[in-house]
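The structure appears right after this line, and notes come after that.
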Amino acid sequence: MPTALITGITGQDGSYLAELLLSKGYRVVGMARRASTVTYERIQHILDDITVIQGDLTDQGSLLSMIEEYEPTEIYNLAAQSFVPTSWSQPALTGDVTALGVTRMLEAIRFVNSKIRFYQASSSEMFGKVVEVPQKETTPFYPRSPYGVAKVYGHWITVNYHESFDLFAVSGILFNHESPRRGLEFVTRKITNAVARIKLGQAKELRLGNLESRRDWGFAGDYVKAMWLMLQQQKPDNFVIGTGETHSVQEFCEIAFGRVGLDYKNFVVQDERFYRPAEVDLLVSDPGKAGRVLGWEPEVGFKELVTMMVDADVERLKTQIKS
């Protein structure tokens with residue numbers, strides 16, 4: 001039975017990846033950051049099937065001890081300070097966790113067992129002020145936020161450790177991927193949660209930033225399959241993962257409000273407080289290499305994704321109201 005260690009297992013991607021690996025017969029160990037309260041909502045249904053341990057990407061000792069004790073064959077580094085706006089208010093913390101945390105994990109692998117296969121969660125935010133459209137594995141990076149800068153560091157240190165120490169270390173450059181498990185601080189979930197609240201009479205408006213911002217949005221459940229596939233290859237390589245389509249925040253609003261029979265124009269208010277200091281340009285993926293080499297392609301389309309998220313938030317809120 002292979003053993004996988006997932007950092008950030010309590011997050012959206014960690015929960016979907018844990019489910020996938022369990023279905024493939026893995027022993028799953030998840031790392032959660034030390035805190036007075038840890039939220040297990042996304043993994044509550046599989047807690048009896050996995051092992052959750054405390055650790056922190058800012059603490060080298062905790063990484064060394066967990067690898068020595070649990071002897072993983074694969075490590076998926078999904079933990080990060082991953083909310084872009086927060087990276088502007090906490091840039092040093094973002095760098096310590098999202099950038100240097102990768103180095104600490106790679107050092108722990110090199111010290112304990114260099115045969116462990118390592119996956120680094122890279123991000124389309126690394127492309128930032130894009131130099132070509134669409135973006136592929138060879139597109140130069142031009143990050144436009146402290147989060148994007150930190151992810152670039154994490155990406156290149158992963159490449160460096162592979163080339164310098166012959167580690168099986170890969171990066172998946174994932175474009176935006178959403179689900180009903182997305183955090184409420186992210187714009188997609190902010191929209192679908194607001195739609196549910198407005199439909200059920202608990203809110204009257206939704207304040208958003210730039211409605212013309214465009215992203216390549218896919219379903220997180222599809223994207224974790226690509227992570228696993230990357231670690232099953234004979235040779236380590238990096239891949240761009242996305243849908244190859246781009247949609248605006250306005251389009252997302254149109255579908256989300258339309259799902260419950262409302263017109264977004266009657267409820268959405270643009271608020272300058274939610275504009276980024278430096279907006280990224282047109283982020284849209286070229287996932288051709290992933291299709292050719294991994295045999296991967298997204299299964300859930302954009303409209304299906306938005307509908308899934310709205311339906312889940314409506315049902316969640318109805319249940320809360322009843323209780």
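Starting from 1 in every chain, residues are counted up; chains themselves are A, B, ... following the order of the structure tokens, and ligands are numbered from 1 as listed.
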Could you pull the residues within 12 Å of A:Glu69, counting only C-alpha atoms, minus those fewer than 2 positions along the same chain, as a VMD selection string? chain A and resid 3 5 29 53 62 to 67 71 to 72 112 to 113
Hey, what's within 7 Å of stretch 241-244 of chain A if we count only C-alpha atoms and toss same-chain stuff fewer than 6 positions away? As an mmCIF file with all heavy atoms, in the first residue's frame, please?
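around22.cif, written as the output of this step:
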data_model
loop_
_atom_site.group_PDB
_atom_site.id
_atom_site.type_symbol
_atom_site.label_atom_id
_atom_site.label_comp_id
_atom_site.auth_asym_id
_atom_site.auth_seq_id
_atom_site.Cartn_x
_atom_site.Cartn_y
_atom_site.Cartn_z
ATOM 1 N N GLY A 172 2.806 21.361 -10.840
ATOM 2 C CA GLY A 172 1.605 21.489 -11.655
ATOM 3 C C GLY A 172 1.176 22.939 -11.645
ATOM 4 O O GLY A 172 0.871 23.496 -10.589
ATOM 5 N N ILE A 173 1.201 23.576 -12.816
ATOM 6 C CA ILE A 173 0.809 24.989 -12.911
ATOM 7 C C ILE A 173 -0.696 25.015 -13.145
ATOM 8 O O ILE A 173 -1.170 24.985 -14.283
ATOM 9 C CB ILE A 173 1.572 25.708 -14.038
ATOM 10 C CG1 ILE A 173 3.082 25.505 -13.859
ATOM 11 C CG2 ILE A 173 1.234 27.199 -14.049
ATOM 12 C CD1 ILE A 173 3.917 26.053 -15.002
ATOM 13 N N LEU A 174 -1.439 25.043 -12.055
ATOM 14 C CA LEU A 174 -2.894 24.935 -12.135
ATOM 15 C C LEU A 174 -3.541 26.308 -12.276
ATOM 16 O O LEU A 174 -3.241 27.237 -11.531
ATOM 17 C CB LEU A 174 -3.439 24.241 -10.884
ATOM 18 C CG LEU A 174 -3.516 22.719 -10.942
ATOM 19 C CD1 LEU A 174 -2.175 22.084 -11.263
ATOM 20 C CD2 LEU A 174 -4.090 22.161 -9.646
ATOM 21 N N PHE A 175 -4.434 26.407 -13.243
ATOM 22 C CA PHE A 175 -5.254 27.597 -13.386
ATOM 23 C C PHE A 175 -6.412 27.497 -12.378
ATOM 24 O O PHE A 175 -6.562 26.494 -11.685
ATOM 25 C CB PHE A 175 -5.727 27.734 -14.831
ATOM 26 C CG PHE A 175 -4.675 28.326 -15.733
ATOM 27 C CD1 PHE A 175 -3.489 27.641 -15.970
ATOM 28 C CD2 PHE A 175 -4.838 29.577 -16.305
ATOM 29 C CE1 PHE A 175 -2.491 28.185 -16.773
ATOM 30 C CE2 PHE A 175 -3.848 30.133 -17.110
ATOM 31 C CZ PHE A 175 -2.674 29.444 -17.337
ATOM 32 N N ASP A 216 -9.510 31.406 -16.244
ATOM 33 C CA ASP A 216 -9.703 30.063 -16.779
ATOM 34 C C ASP A 216 -10.130 29.204 -15.595
ATOM 35 O O ASP A 216 -9.312 28.769 -14.803
ATOM 36 C CB ASP A 216 -8.365 29.585 -17.370
ATOM 37 C CG ASP A 216 -8.445 28.219 -18.014
ATOM 38 O OD1 ASP A 216 -9.304 27.414 -17.600
ATOM 39 O OD2 ASP A 216 -7.635 27.944 -18.914
ATOM 40 N N TRP A 217 -11.464 28.989 -15.464
ATOM 41 C CA TRP A 217 -12.016 28.310 -14.289
ATOM 42 C C TRP A 217 -12.379 26.866 -14.596
ATOM 43 O O TRP A 217 -13.086 26.583 -15.561
ATOM 44 C CB TRP A 217 -13.288 29.016 -13.806
ATOM 45 C CG TRP A 217 -13.066 30.218 -12.947
ATOM 46 C CD1 TRP A 217 -12.363 30.282 -11.783
ATOM 47 C CD2 TRP A 217 -13.584 31.540 -13.164
ATOM 48 N NE1 TRP A 217 -12.408 31.563 -11.261
ATOM 49 C CE2 TRP A 217 -13.151 32.350 -12.084
ATOM 50 C CE3 TRP A 217 -14.382 32.118 -14.144
ATOM 51 C CZ2 TRP A 217 -13.483 33.696 -11.959
ATOM 52 C CZ3 TRP A 217 -14.708 33.454 -14.044
ATOM 53 C CH2 TRP A 217 -14.255 34.236 -12.961
ATOM 54 N N GLY A 218 -11.910 25.932 -13.750
ATOM 55 C CA GLY A 218 -12.279 24.535 -13.876
ATOM 56 C C GLY A 218 -12.703 23.969 -12.540
ATOM 57 O O GLY A 218 -12.748 24.677 -11.528
ATOM 58 N N VAL A 284 -5.298 32.413 -19.481
ATOM 59 C CA VAL A 284 -5.980 31.299 -20.127
ATOM 60 C C VAL A 284 -4.934 30.250 -20.491
ATOM 61 O O VAL A 284 -3.869 30.572 -21.017
ATOM 62 C CB VAL A 284 -6.793 31.750 -21.362
ATOM 63 C CG1 VAL A 284 -5.919 32.473 -22.372
ATOM 64 C CG2 VAL A 284 -7.504 30.572 -22.010
ATOM 65 N N SER A 285 -5.225 29.004 -20.176
ATOM 66 C CA SER A 285 -4.226 27.945 -20.291
ATOM 67 C C SER A 285 -4.174 27.316 -21.675
ATOM 68 O O SER A 285 -5.139 27.361 -22.436
ATOM 69 C CB SER A 285 -4.545 26.842 -19.269
ATOM 70 O OG SER A 285 -5.776 26.203 -19.614
ATOM 71 N N ASP A 286 -3.029 26.720 -21.946
ATOM 72 C CA ASP A 286 -2.874 25.791 -23.062
ATOM 73 C C ASP A 286 -2.522 24.442 -22.436
ATOM 74 O O ASP A 286 -1.351 24.147 -22.185
ATOM 75 C CB ASP A 286 -1.764 26.252 -24.002
ATOM 76 C CG ASP A 286 -1.505 25.255 -25.129
ATOM 77 O OD1 ASP A 286 -2.171 24.201 -25.159
ATOM 78 O OD2 ASP A 286 -0.632 25.521 -25.975
ATOM 79 N N PRO A 287 -3.537 23.590 -22.150
ATOM 80 C CA PRO A 287 -3.286 22.314 -21.474
ATOM 81 C C PRO A 287 -2.955 21.178 -22.434
ATOM 82 O O PRO A 287 -3.088 20.007 -22.078
ATOM 83 C CB PRO A 287 -4.620 22.054 -20.762
ATOM 84 C CG PRO A 287 -5.638 22.641 -21.689
ATOM 85 C CD PRO A 287 -4.973 23.830 -22.364
ATOM 86 N N ALA A 290 -0.587 18.348 -21.204
ATOM 87 C CA ALA A 290 -1.215 17.446 -20.233
ATOM 88 C C ALA A 290 -2.101 16.425 -20.936
ATOM 89 O O ALA A 290 -2.169 15.257 -20.536
ATOM 90 C CB ALA A 290 -2.028 18.245 -19.215
ATOM 91 N N PRO A 298 -10.260 18.094 -18.696
ATOM 92 C CA PRO A 298 -11.324 18.407 -17.734
ATOM 93 C C PRO A 298 -12.641 17.772 -18.151
ATOM 94 O O PRO A 298 -12.948 17.665 -19.338
ATOM 95 C CB PRO A 298 -11.391 19.942 -17.775
ATOM 96 C CG PRO A 298 -10.842 20.314 -19.118
ATOM 97 C CD PRO A 298 -9.796 19.290 -19.429
#
Closest atom pairs, stretch 146-227 of chain A residues within 8 Å of stretch 119-133 of chain A, only C-alpha atoms, as a Markdown table:
| residue | atom | partner | partner_atom | distance |
| --- | --- | --- | --- | --- |
| A:Tyr147 | CA | A:Glu125 | CA | 7.7 |
| A:Gly148 | CA | A:Met126 | CA | 4.7 |
| A:Val149 | CA | A:Met126 | CA | 6.7 |
| A:Lys151 | CA | A:Ser122 | CA | 6.0 |
| A:Val152 | CA | A:Met126 | CA | 5.7 |
| A:Gly154 | CA | A:Ser122 | CA | 7.3 |
| A:His155 | CA | A:Ser122 | CA | 6.0 |
| A:Thr158 | CA | A:Gln120 | CA | 7.2 |
| A:Ala169 | CA | A:Tyr119 | CA | 6.0 |
| A:Val170 | CA | A:Tyr119 | CA | 5.2 |
| A:Ser171 | CA | A:Gln120 | CA | 4.6 |
| A:Gly172 | CA | A:Ser122 | CA | 5.4 |
| A:Ile173 | CA | A:Ser122 | CA | 4.5 |
| A:Leu174 | CA | A:Ser123 | CA | 5.0 |
| A:Phe175 | CA | A:Ser124 | CA | 4.9 |
| A:Asn176 | CA | A:Ser124 | CA | 7.3 |
| A:Met227 | CA | A:Tyr119 | CA | 7.2 |
Selected residues written out, C-alpha atoms, as a PDB file, in the first residue's frame:
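This is the output file part_25.pdb:
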ATOM      1  CA  TYR A 147       1.433  35.471  -3.752  1.00  0.00           C
ATOM      2  CA  GLY A 148       2.429  35.116  -7.408  1.00  0.00           C
ATOM      3  CA  VAL A 149       6.045  36.000  -6.586  1.00  0.00           C
ATOM      4  CA  LYS A 151       4.704  30.757  -6.100  1.00  0.00           C
ATOM      5  CA  VAL A 152       7.393  31.517  -8.690  1.00  0.00           C
ATOM      6  CA  GLY A 154       8.369  27.632  -5.037  1.00  0.00           C
ATOM      7  CA  HIS A 155       8.206  26.556  -8.661  1.00  0.00           C
ATOM      8  CA  THR A 158      11.367  22.590  -7.128  1.00  0.00           C
ATOM      9  CA  ALA A 169      10.032  16.720  -8.048  1.00  0.00           C
ATOM     10  CA  VAL A 170       7.376  18.222 -10.323  1.00  0.00           C
ATOM     11  CA  SER A 171       5.170  21.299 -10.451  1.00  0.00           C
ATOM     12  CA  GLY A 172       1.605  21.489 -11.655  1.00  0.00           C
ATOM     13  CA  ILE A 173       0.809  24.989 -12.911  1.00  0.00           C
ATOM     14  CA  LEU A 174      -2.894  24.935 -12.135  1.00  0.00           C
ATOM     15  CA  PHE A 175      -5.254  27.597 -13.386  1.00  0.00           C
ATOM     16  CA  ASN A 176      -8.228  28.620 -11.234  1.00  0.00           C
ATOM     17  CA  MET A 227      -1.698  15.976  -9.744  1.00  0.00           C
TER      18      MET A 227
END
Please return, as number ranges by chain, all residues of stretch 36-257 of chain A that DSSP assigns to alpha helix (DSSP H) on the basis of the backbone. A: 60-70, 84-89, 91-94, 100-112, 146-165, 187-199, 220-230, 249-257
Quick one: write out the picked residues with C-alpha atoms as a PDB file, in the first residue's frame?
ATOM      1  CA  GLN A  60      11.670  22.449   9.448  1.00  0.00           C
ATOM      2  CA  GLY A  61      11.654  20.055  12.397  1.00  0.00           C
ATOM      3  CA  SER A  62       8.003  19.120  12.018  1.00  0.00           C
ATOM      4  CA  LEU A  63       8.530  18.266   8.347  1.00  0.00           C
ATOM      5  CA  LEU A  64      11.558  16.085   9.073  1.00  0.00           C
ATOM      6  CA  SER A  65       9.840  14.182  11.871  1.00  0.00           C
ATOM      7  CA  MET A  66       6.631  13.488   9.934  1.00  0.00           C
ATOM      8  CA  ILE A  67       8.519  12.136   6.916  1.00  0.00           C
ATOM      9  CA  GLU A  68      10.661   9.935   9.153  1.00  0.00           C
ATOM     10  CA  GLU A  69       7.650   8.600  11.052  1.00  0.00           C
ATOM     11  CA  TYR A  70       5.139   8.025   8.241  1.00  0.00           C
ATOM     12  CA  VAL A  84      -4.077  36.787  -3.266  1.00  0.00           C
ATOM     13  CA  PRO A  85      -5.508  39.901  -1.493  1.00  0.00           C
ATOM     14  CA  THR A  86      -4.093  38.691   1.843  1.00  0.00           C
ATOM     15  CA  SER A  87      -0.655  38.434   0.257  1.00  0.00           C
ATOM     16  CA  TRP A  88      -0.667  42.223  -0.110  1.00  0.00           C
ATOM     17  CA  SER A  89      -1.381  42.793   3.591  1.00  0.00           C
ATOM     18  CA  PRO A  91       3.662  39.707   2.123  1.00  0.00           C
ATOM     19  CA  ALA A  92       6.409  38.443   4.451  1.00  0.00           C
ATOM     20  CA  LEU A  93       4.205  35.679   5.870  1.00  0.00           C
ATOM     21  CA  THR A  94       3.176  34.716   2.334  1.00  0.00           C
ATOM     22  CA  LEU A 100      10.412  29.098   1.708  1.00  0.00           C
ATOM     23  CA  GLY A 101       8.044  26.387   2.906  1.00  0.00           C
ATOM     24  CA  VAL A 102       8.689  24.529  -0.349  1.00  0.00           C
ATOM     25  CA  THR A 103      12.434  24.638   0.273  1.00  0.00           C
ATOM     26  CA  ARG A 104      11.977  23.255   3.776  1.00  0.00           C
ATOM     27  CA  MET A 105       9.923  20.350   2.459  1.00  0.00           C
ATOM     28  CA  LEU A 106      12.425  19.589  -0.318  1.00  0.00           C
ATOM     29  CA  GLU A 107      15.279  19.695   2.199  1.00  0.00           C
ATOM     30  CA  ALA A 108      13.383  17.268   4.436  1.00  0.00           C
ATOM     31  CA  ILE A 109      12.886  14.880   1.499  1.00  0.00           C
ATOM     32  CA  ARG A 110      16.552  15.128   0.525  1.00  0.00           C
ATOM     33  CA  PHE A 111      17.655  14.458   4.101  1.00  0.00           C
ATOM     34  CA  VAL A 112      15.269  11.582   4.933  1.00  0.00           C
ATOM     35  CA  PRO A 146       3.287  38.784  -3.456  1.00  0.00           C
ATOM     36  CA  TYR A 147       1.433  35.471  -3.752  1.00  0.00           C
ATOM     37  CA  GLY A 148       2.429  35.116  -7.408  1.00  0.00           C
ATOM     38  CA  VAL A 149       6.045  36.000  -6.586  1.00  0.00           C
ATOM     39  CA  ALA A 150       6.128  33.417  -3.786  1.00  0.00           C
ATOM     40  CA  LYS A 151       4.704  30.757  -6.100  1.00  0.00           C
ATOM     41  CA  VAL A 152       7.393  31.517  -8.690  1.00  0.00           C
ATOM     42  CA  TYR A 153      10.042  30.896  -6.038  1.00  0.00           C
ATOM     43  CA  GLY A 154       8.369  27.632  -5.037  1.00  0.00           C
ATOM     44  CA  HIS A 155       8.206  26.556  -8.661  1.00  0.00           C
ATOM     45  CA  TRP A 156      11.850  27.258  -9.456  1.00  0.00           C
ATOM     46  CA  ILE A 157      13.225  25.796  -6.230  1.00  0.00           C
ATOM     47  CA  THR A 158      11.367  22.590  -7.128  1.00  0.00           C
ATOM     48  CA  VAL A 159      13.020  22.605 -10.564  1.00  0.00           C
ATOM     49  CA  ASN A 160      16.383  23.331  -8.931  1.00  0.00           C
ATOM     50  CA  TYR A 161      16.159  20.442  -6.464  1.00  0.00           C
ATOM     51  CA  HIS A 162      15.221  18.049  -9.267  1.00  0.00           C
ATOM     52  CA  GLU A 163      18.165  19.150 -11.383  1.00  0.00           C
ATOM     53  CA  SER A 164      20.661  19.426  -8.523  1.00  0.00           C
ATOM     54  CA  PHE A 165      19.796  16.364  -6.432  1.00  0.00           C
ATOM     55  CA  VAL A 187     -14.724  35.497  -5.616  1.00  0.00           C
ATOM     56  CA  THR A 188     -16.428  32.441  -7.118  1.00  0.00           C
ATOM     57  CA  ARG A 189     -17.710  31.167  -3.774  1.00  0.00           C
ATOM     58  CA  LYS A 190     -18.424  34.725  -2.642  1.00  0.00           C
ATOM     59  CA  ILE A 191     -20.776  34.991  -5.626  1.00  0.00           C
ATOM     60  CA  THR A 192     -22.542  31.647  -5.223  1.00  0.00           C
ATOM     61  CA  ASN A 193     -22.969  32.097  -1.480  1.00  0.00           C
ATOM     62  CA  ALA A 194     -24.421  35.580  -2.045  1.00  0.00           C
ATOM     63  CA  VAL A 195     -26.802  34.216  -4.690  1.00  0.00           C
ATOM     64  CA  ALA A 196     -28.126  31.707  -2.159  1.00  0.00           C
ATOM     65  CA  ARG A 197     -28.470  34.361   0.554  1.00  0.00           C
ATOM     66  CA  ILE A 198     -30.250  36.794  -1.776  1.00  0.00           C
ATOM     67  CA  LYS A 199     -32.579  34.106  -3.134  1.00  0.00           C
ATOM     68  CA  ALA A 220     -11.078  21.124  -8.490  1.00  0.00           C
ATOM     69  CA  GLY A 221     -12.152  17.483  -8.531  1.00  0.00           C
ATOM     70  CA  ASP A 222     -10.839  17.196 -12.103  1.00  0.00           C
ATOM     71  CA  TYR A 223      -7.559  18.935 -11.312  1.00  0.00           C
ATOM     72  CA  VAL A 224      -6.456  16.656  -8.467  1.00  0.00           C
ATOM     73  CA  LYS A 225      -6.490  13.762 -10.950  1.00  0.00           C
ATOM     74  CA  ALA A 226      -3.803  15.613 -12.914  1.00  0.00           C
ATOM     75  CA  MET A 227      -1.698  15.976  -9.744  1.00  0.00           C
ATOM     76  CA  TRP A 228      -1.765  12.224  -9.204  1.00  0.00           C
ATOM     77  CA  LEU A 229      -1.009  11.478 -12.857  1.00  0.00           C
ATOM     78  CA  MET A 230       2.110  13.674 -12.738  1.00  0.00           C
ATOM     79  CA  VAL A 249     -16.594  37.576 -13.401  1.00  0.00           C
ATOM     80  CA  GLN A 250     -19.658  39.078 -15.061  1.00  0.00           C
ATOM     81  CA  GLU A 251     -20.333  35.826 -16.942  1.00  0.00           C
ATOM     82  CA  PHE A 252     -20.006  33.931 -13.681  1.00  0.00           C
ATOM     83  CA  CYS A 253     -22.572  36.276 -12.109  1.00  0.00           C
ATOM     84  CA  GLU A 254     -24.978  35.927 -15.024  1.00  0.00           C
ATOM     85  CA  ILE A 255     -25.039  32.127 -14.771  1.00  0.00           C
ATOM     86  CA  ALA A 256     -25.074  32.050 -10.966  1.00  0.00           C
ATOM     87  CA  PHE A 257     -27.975  34.481 -10.527  1.00  0.00           C
TER      88      PHE A 257
END
Nearest residue to A:Val260 from the set A:Glu272, A:Thr307, A:Asp237, A:Gly25 (distances using only C-alpha atoms):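 The closest residue to A:Val260 is A:Thr307.
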What's the separation between atom CA of A:Asp56 and atom CA of A:Met31, in Å to one decimal place? 7.8 Å
So, counting only C-alpha atoms, which residue among A:Arg214, A:Arg33, A:Lys115, A:Arg42 is closest to A:Ala79?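 The closest residue to A:Ala79 is A:Arg33.
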Measuring atom to atom with only C-alpha atoms, identify which of A:Gln202, A:Thr10, A:Ser248, A:Thr138 is nearest to A:His45.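 Checking each of A:Gln202, A:Thr10, A:Ser248, A:Thr138 against A:His45, counting only C-alpha atoms, the winner is A:Thr10.
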Write out as JSON, numbers by chain the set of residues from stretch 179-270 of chain A that DSSP, computed on the backbone, places in strand (DSSP E or B). {"A": [206, 207, 208, 214, 215, 218, 219, 239, 240, 241, 247, 248, 268, 269, 270]}
Go ahead and write the residues just picked, C-alpha atoms, as a compact mmCIF listing (two decimals), in the first residue's frame.
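The resulting file, selection-v5.txt, is shown below:
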# COMPACT_ATOMS: atom_id res chain seq x y z
CA LEU A 206 -23.35 41.63 -3.61
CA ARG A 207 -20.32 43.91 -3.72
CA LEU A 208 -17.56 42.93 -6.16
CA ARG A 214 -11.26 37.02 -16.80
CA ARG A 215 -10.07 33.63 -15.58
CA GLY A 218 -12.28 24.54 -13.88
CA PHE A 219 -13.48 21.99 -11.32
CA PHE A 239 2.46 20.60 -16.66
CA VAL A 240 -0.05 23.41 -17.17
CA ILE A 241 -3.53 22.32 -16.07
CA HIS A 247 -14.70 33.65 -18.67
CA SER A 248 -15.32 36.96 -16.92
CA VAL A 268 -24.32 43.34 -7.96
CA VAL A 269 -22.57 46.57 -6.92
CA GLN A 270 -19.02 47.32 -8.07
At what distance in Å, to one decimal, does atom CA of A:Met308 lie from atom CA of A:Gln135?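 Distance between the two atoms: 27.1 Å.
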Return the single residue from A:Arg144, A:Arg182, A:Arg34, A:Lys318 that is closest to A:Tyr16, with distances computed using only C-alpha atoms. A:Arg182
